[in-house]
file run-v4.txt (compact mmCIF, C-alpha atoms and all ligand atoms)
# COMPACT_ATOMS: atom_id res chain seq x y z
CA MET D 24 150.56 21.05 8.24
CA GLN D 25 150.65 18.97 11.36
CA VAL D 26 147.31 18.66 12.98
CA ARG D 27 148.81 17.36 16.20
CA ASN D 28 150.97 20.48 16.64
CA ASN D 29 148.09 22.77 15.79
CA LEU D 30 145.89 21.02 18.30
CA GLN D 31 148.53 21.35 20.98
CA ARG D 32 148.87 25.08 20.36
CA ILE D 33 145.09 25.52 20.30
CA GLN D 34 144.69 23.60 23.54
CA GLU D 35 147.20 25.92 25.19
CA GLN D 36 145.14 28.90 24.08
CA MET D 37 141.97 27.20 25.25
CA LYS D 38 143.52 26.62 28.66
CA GLN D 39 144.40 30.28 28.97
CA SER D 40 140.87 31.31 28.02
CA CYS D 41 139.47 28.84 30.55
CA GLU D 42 141.67 30.26 33.28
CA LYS D 43 140.61 33.80 32.44
CA ALA D 44 136.95 32.88 32.56
CA ASN D 45 137.16 30.40 35.41
CA ARG D 46 135.97 27.56 33.23
CA GLU D 47 137.10 23.96 32.74
CA MET D 48 138.54 22.38 29.60
CA LYS D 49 136.31 19.36 30.04
CA ASP D 50 133.28 21.54 29.29
CA LEU D 51 134.62 22.37 25.82
CA THR D 52 134.39 20.33 22.65
CA VAL D 53 136.60 21.05 19.64
CA ILE D 54 135.00 20.35 16.28
CA ALA D 55 137.56 19.88 13.51
CA VAL D 56 136.01 21.63 10.53
CA THR D 57 137.22 19.54 7.61
CA LYS D 58 135.20 21.18 4.84
CA TYR D 59 138.36 22.48 3.12
CA VAL D 60 140.49 19.37 3.46
CA ASP D 61 140.88 15.87 2.06
CA LEU D 62 140.62 12.42 3.59
CA ASP D 63 144.32 12.20 4.48
CA ARG D 64 144.06 15.31 6.59
CA MET D 65 140.91 13.95 8.21
CA LYS D 66 142.74 10.75 9.11
CA GLU D 67 145.53 12.86 10.54
CA ALA D 68 142.94 14.63 12.68
CA PHE D 69 141.65 11.32 14.06
CA GLU D 70 145.22 10.23 14.77
CA ALA D 71 145.80 13.43 16.69
CA GLY D 72 142.90 12.42 18.94
CA LEU D 73 140.15 14.56 17.45
CA GLU D 74 136.75 12.92 17.30
CA HIS D 75 134.31 15.61 16.25
CA ILE D 76 134.11 16.48 12.56
CA GLY D 77 132.35 19.52 11.06
CA GLU D 78 131.21 19.60 7.44
CA SER D 79 129.08 22.17 5.67
CA LYS D 80 128.06 20.55 2.37
CA VAL D 81 125.95 17.41 2.24
CA GLN D 82 127.39 16.07 -1.00
CA ASP D 83 131.05 16.41 0.03
CA ALA D 84 130.37 15.11 3.50
CA LYS D 85 128.58 12.04 2.21
CA GLY D 86 131.58 10.93 0.17
CA LYS D 87 133.97 11.49 3.04
CA TRP D 88 131.71 9.77 5.54
CA GLU D 89 131.47 6.71 3.33
CA ALA D 90 135.22 6.60 2.68
CA LEU D 91 135.85 6.77 6.44
CA ASN D 92 133.13 4.25 7.28
CA GLY D 93 131.46 6.83 9.45
CA GLN D 94 134.39 7.21 11.82
CA GLY D 95 133.96 10.11 14.23
CA ILE D 96 131.05 12.18 15.47
CA TRP D 97 129.70 14.36 12.70
CA HIS D 98 128.39 17.91 12.96
CA PHE D 99 126.57 19.61 10.14
CA ILE D 100 127.58 23.28 10.34
CA GLY D 101 126.51 24.80 7.00
CA HIS D 102 123.23 26.04 5.67
CA LEU D 103 121.00 22.97 5.32
CA GLN D 104 118.60 22.71 2.42
CA THR D 105 115.41 20.89 3.30
CA ASN D 106 115.70 18.50 0.36
CA LYS D 107 119.18 17.39 1.53
CA VAL D 108 118.09 16.24 4.99
CA LYS D 109 117.31 12.75 3.78
CA ASP D 110 120.89 12.31 2.55
CA MET D 111 122.59 13.39 5.77
CA ILE D 112 120.29 12.49 8.64
CA ASP D 113 121.77 9.04 9.28
CA LYS D 114 125.36 10.36 9.27
CA PHE D 115 125.30 13.41 11.48
CA ALA D 116 124.79 13.46 15.24
CA TYR D 117 124.45 17.25 15.40
CA ILE D 118 122.99 19.99 13.23
CA HIS D 119 124.25 23.51 14.03
CA SER D 120 122.11 25.41 11.54
CA LEU D 121 118.48 24.91 12.52
CA ASP D 122 116.93 28.20 11.43
CA ARG D 123 113.38 27.55 10.23
CA ILE D 124 110.33 25.42 11.02
CA SER D 125 110.20 23.84 7.57
CA LEU D 126 113.65 22.39 8.32
CA ALA D 127 112.57 21.14 11.77
CA LYS D 128 109.60 19.47 10.13
CA GLU D 129 111.79 17.65 7.62
CA ILE D 130 114.31 16.57 10.29
CA GLU D 131 111.39 15.27 12.36
CA LYS D 132 110.02 13.31 9.43
CA ARG D 133 113.35 11.68 8.60
CA ALA D 134 114.65 11.18 12.14
CA SER D 135 111.44 9.60 13.41
CA VAL D 136 111.72 6.88 10.76
CA LEU D 137 115.20 6.08 12.07
CA GLY D 138 114.04 6.30 15.69
CA LYS D 139 116.76 8.88 16.22
CA ILE D 140 116.70 12.14 18.15
CA VAL D 141 118.87 14.77 16.47
CA ASP D 142 120.72 17.25 18.65
CA CYS D 143 120.33 20.66 17.08
CA PHE D 144 121.59 24.16 17.65
CA VAL D 145 119.26 26.99 16.76
CA GLN D 146 121.27 29.35 14.58
CA VAL D 147 120.96 32.98 15.59
CA ASN D 148 122.09 35.94 13.52
CA ILE D 149 123.32 38.17 16.31
CA SER D 150 125.37 40.50 14.11
CA GLY D 151 122.38 41.19 11.84
CA GLU D 152 124.52 40.91 8.68
CA ASP D 153 122.23 39.92 5.82
CA THR D 154 124.87 37.53 4.46
CA LYS D 155 124.39 35.37 7.53
CA HIS D 156 121.70 32.79 8.11
CA GLY D 157 119.84 32.43 11.36
CA LEU D 158 116.93 33.80 13.30
CA SER D 159 117.06 37.26 14.73
CA PRO D 160 117.35 37.14 18.52
CA ASN D 161 113.78 38.28 19.12
CA GLU D 162 112.38 35.39 17.04
CA VAL D 163 114.13 32.63 18.95
CA GLU D 164 111.78 32.14 21.89
CA LYS D 165 108.73 31.64 19.72
CA PHE D 166 110.71 29.33 17.47
CA ILE D 167 111.77 27.16 20.39
CA LEU D 168 108.20 26.96 21.65
CA GLU D 169 107.16 25.69 18.23
CA LEU D 170 109.83 22.97 18.31
CA LYS D 171 107.74 21.20 20.93
CA SER D 172 105.78 19.67 18.06
CA TYR D 173 108.93 17.94 16.76
CA PRO D 174 110.07 15.44 19.41
CA HIS D 175 112.94 14.05 17.29
CA VAL D 176 114.49 17.52 17.08
CA ARG D 177 116.19 18.40 20.35
CA ALA D 178 117.37 21.99 20.69
CA ILE D 179 120.46 21.49 22.83
CA GLY D 180 121.76 25.01 22.32
CA LEU D 181 122.32 28.10 20.22
CA MET D 182 124.84 28.75 17.47
CA THR D 183 126.15 31.95 15.95
CA MET D 184 128.89 33.14 13.62
CA ALA D 185 130.62 36.41 14.35
CA PRO D 186 131.75 38.60 11.46
CA TYR D 187 135.45 38.22 10.66
CA GLU D 188 137.39 40.91 12.55
CA GLN D 189 141.02 41.84 12.14
CA GLU D 190 140.93 42.48 15.87
CA PRO D 191 139.20 39.41 17.41
CA GLU D 192 138.35 41.31 20.59
CA LYS D 193 135.68 43.10 18.53
CA THR D 194 133.68 39.86 18.34
CA ARG D 195 133.16 39.75 22.10
CA PRO D 196 129.78 41.57 22.15
CA ILE D 197 128.36 39.08 19.64
CA PHE D 198 129.26 36.09 21.81
CA ARG D 199 128.12 37.85 24.95
CA GLN D 200 124.72 38.50 23.40
CA LEU D 201 124.28 34.84 22.47
CA LYS D 202 125.09 33.86 26.06
CA GLU D 203 122.57 36.40 27.39
CA LEU D 204 119.93 35.08 25.03
CA GLN D 205 120.64 31.54 26.25
CA LEU D 206 120.28 32.61 29.89
CA ASN D 207 117.00 34.39 29.17
CA LEU D 208 115.60 31.38 27.33
CA GLN D 209 116.71 28.96 30.03
CA ARG D 210 114.43 30.76 32.49
CA ASN D 211 111.51 29.16 30.62
CA LYS D 212 112.80 25.70 31.56
CA PHE D 213 111.54 24.15 28.34
CA ASP D 214 111.27 20.39 28.85
CA HIS D 215 111.75 19.75 25.14
CA ALA D 216 114.72 22.10 24.66
CA PRO D 217 117.60 21.89 27.14
CA LEU D 218 119.58 24.78 25.54
CA THR D 219 122.64 24.00 27.62
CA GLU D 220 125.19 24.42 24.79
CA LEU D 221 126.67 27.31 22.82
CA SER D 222 128.31 26.65 19.45
CA MET D 223 130.43 29.72 18.84
CA GLY D 224 134.01 30.59 17.97
CA MET D 225 136.09 29.82 14.87
CA SER D 226 139.83 29.93 14.16
CA ASN D 227 140.09 33.68 14.49
CA ASP D 228 137.97 34.24 17.55
CA PHE D 229 137.55 31.00 19.52
CA HIS D 230 139.53 32.30 22.50
CA ILE D 231 137.06 35.16 22.90
CA ALA D 232 134.09 32.83 22.42
CA ILE D 233 135.39 30.52 25.17
CA GLU D 234 135.74 33.43 27.56
CA GLU D 235 132.11 34.27 26.81
CA GLY D 236 130.77 30.75 27.36
CA ALA D 237 131.20 28.65 24.20
CA THR D 238 130.88 24.90 24.78
CA PHE D 239 131.56 23.86 21.17
CA VAL D 240 134.17 25.65 19.04
CA ARG D 241 134.37 25.04 15.29
CA LEU D 242 137.95 25.15 14.05
CA GLY D 243 138.96 24.79 10.42
CA SER D 244 141.95 26.70 9.06
CA SER D 245 143.93 26.92 12.32
CA LEU D 246 143.51 23.23 13.13
CA VAL D 247 143.32 21.12 9.99
CA GLY D 248 144.16 23.75 7.38
CA GLU D 249 142.33 25.44 4.57
C1 LIG D 301 134.10 27.13 7.79
C2 LIG D 301 133.38 27.26 9.07
C3 LIG D 301 134.07 27.23 10.30
C4 LIG D 301 135.59 27.13 10.40
O1 LIG D 301 136.18 28.31 9.99
P1 LIG D 301 137.72 28.63 10.30
O2 LIG D 301 137.76 30.12 10.36
O3 LIG D 301 138.50 28.06 9.19
O4 LIG D 301 138.04 28.04 11.62
C5 LIG D 301 133.32 27.30 11.44
N1 LIG D 301 131.97 27.40 11.43
C6 LIG D 301 131.28 27.45 10.27
C7 LIG D 301 129.80 27.56 10.33
C8 LIG D 301 131.96 27.39 9.06
O5 LIG D 301 131.26 27.44 7.92
call {"tool": "encode", "arguments": {"input": "run-v4.txt", "output": "structure tokens", "more": "lines below"}}
Ligand SMILES: *Cc1c(COP(=O)(O)O)cnc(C)c1O
result
Amino acid sequence: MQVRNNLQRIQEQMKQSCEKANREMKDLTVIAVTKYVDLDRMKEAFEAGLEHIGESKVQDAKGKWEALNGQGIWHFIGHLQTNKVKDMIDKFAYIHSLDRISLAKEIEKRASVLGKIVDCFVQVNISGEDTKHGLSPNEVEKFILELKSYPHVRAIGLMTMAPYEQEPEKTRPIFRQLKELQLNLQRNKFDHAPLTELSMGMSNDFHIAIEEGATFVRLGSSLVGE
């Protein structure tokens, strides 16, 4: 597994998607999802020029973060238990799985002590699969209004996961709906919630997600391995 080669191949695909959609590479951030891999592979990712790290379990991430002296910019992408916030809040710059007010409240409590504003994505369950976390699309506006009470939680965007499809093209409607939801919400011009970002697209479907407006893609198996 050579992360550098994978990244090169992925960047070629990203360029093609950008051309198709008339977008620019500079508006995209690749998150290397390292939840399946060890420290050596993470170091290889840094050497290849990757900066953004995605982890989905607090306990695993904590050990890795400490071993790497906090190198990189860390994104929490998994389901986040409220009682784990205190262990991760000082290590992660972004949380992609904000899906309930009790979690916002806990992030607020812990982040305010550190004087830190945490950039969060509100997770939306567009596909409606009950195995997936996230708010249903019609709950999101009210949720974002409520976030006004939590000034250390900044909703910078929306996140979704599409179901795995043999034929990635089938994920397109999911990503398109998240983009439409973002555009509708942006009409409110919430001062407390910029909502400029979309975290969507994984190894199997990132090219489609980019065509539909992703600004952060989360790549594990195709980039750093499984
Ligand atoms: C594991 C994971 C990814 C990466 O998945 P790959 O298909 O390996 O790219 C992305 N996002 C989330 C939320 C994940 O849990």
call {"tool": "closest_residue", "arguments": {"input": "run-v4.txt", "among": "D:His230, D:Lys85, D:Lys132, D:His102", "to": "D:Phe115", "atoms": "all atoms listed in the file"}}
result
D:Lys85
call {"tool": "atom_distance", "arguments": {"input": "run-v4.txt", "atom1": "atom CA of D:Glu164", "atom2": "atom CA of D:Arg210"}}
result
11.0 Å
call {"tool": "closest_residue", "arguments": {"input": "run-v4.txt", "among": "D:Lys66, D:Arg32, D:His215, D:Lys109", "to": "D:Ala90", "atoms": "all atoms listed in the file"}}
result
D:Lys66
call {"tool": "residues_near_ligand", "arguments": {"input": "run-v4.txt", "ligand": "ligand LIG 301 (chain D)", "cutoff": "12 Å", "atoms": "all atoms listed in the file", "output": "JSON, numbers by chain"}}
result
{"D": [33, 53, 54, 55, 56, 57, 58, 59, 60, 76, 77, 78, 79, 80, 98, 99, 100, 101, 102, 103, 118, 119, 120, 121, 144, 146, 147, 148, 155, 156, 157, 182, 183, 184, 185, 186, 187, 188, 191, 222, 223, 224, 225, 226, 227, 228, 229, 230, 239, 240, 241, 242, 243, 244, 245, 246, 247, 248, 249]}
call {"tool": "residues_around", "arguments": {"input": "run-v4.txt", "residues": "D:Asp113", "least_positions_apart": "5", "cutoff": "9 Å", "atoms": "all atoms listed in the file", "output": "PyMOL selection string"}}
result
chain D and resi 133-134+137+139
call {"tool": "atom_distance", "arguments": {"input": "run-v4.txt", "atom1": "atom CA of D:Phe166", "atom2": "atom CA of D:Lys193"}}
result
28.5 Å
call {"tool": "residues_near_point", "arguments": {"input": "run-v4.txt", "point": "(130.4, 38.2, 21.9)", "cutoff": "10 Å", "atoms": "only C-alpha atoms", "output": "MDAnalysis selection string"}}
result
chainID D and resid 149:150 183:185 191:203 223:224 228 231:237
call {"tool": "atom_distance", "arguments": {"input": "run-v4.txt", "atom1": "atom CA of D:Ala178", "atom2": "atom CA of D:Pro217"}}
result
6.5 Å
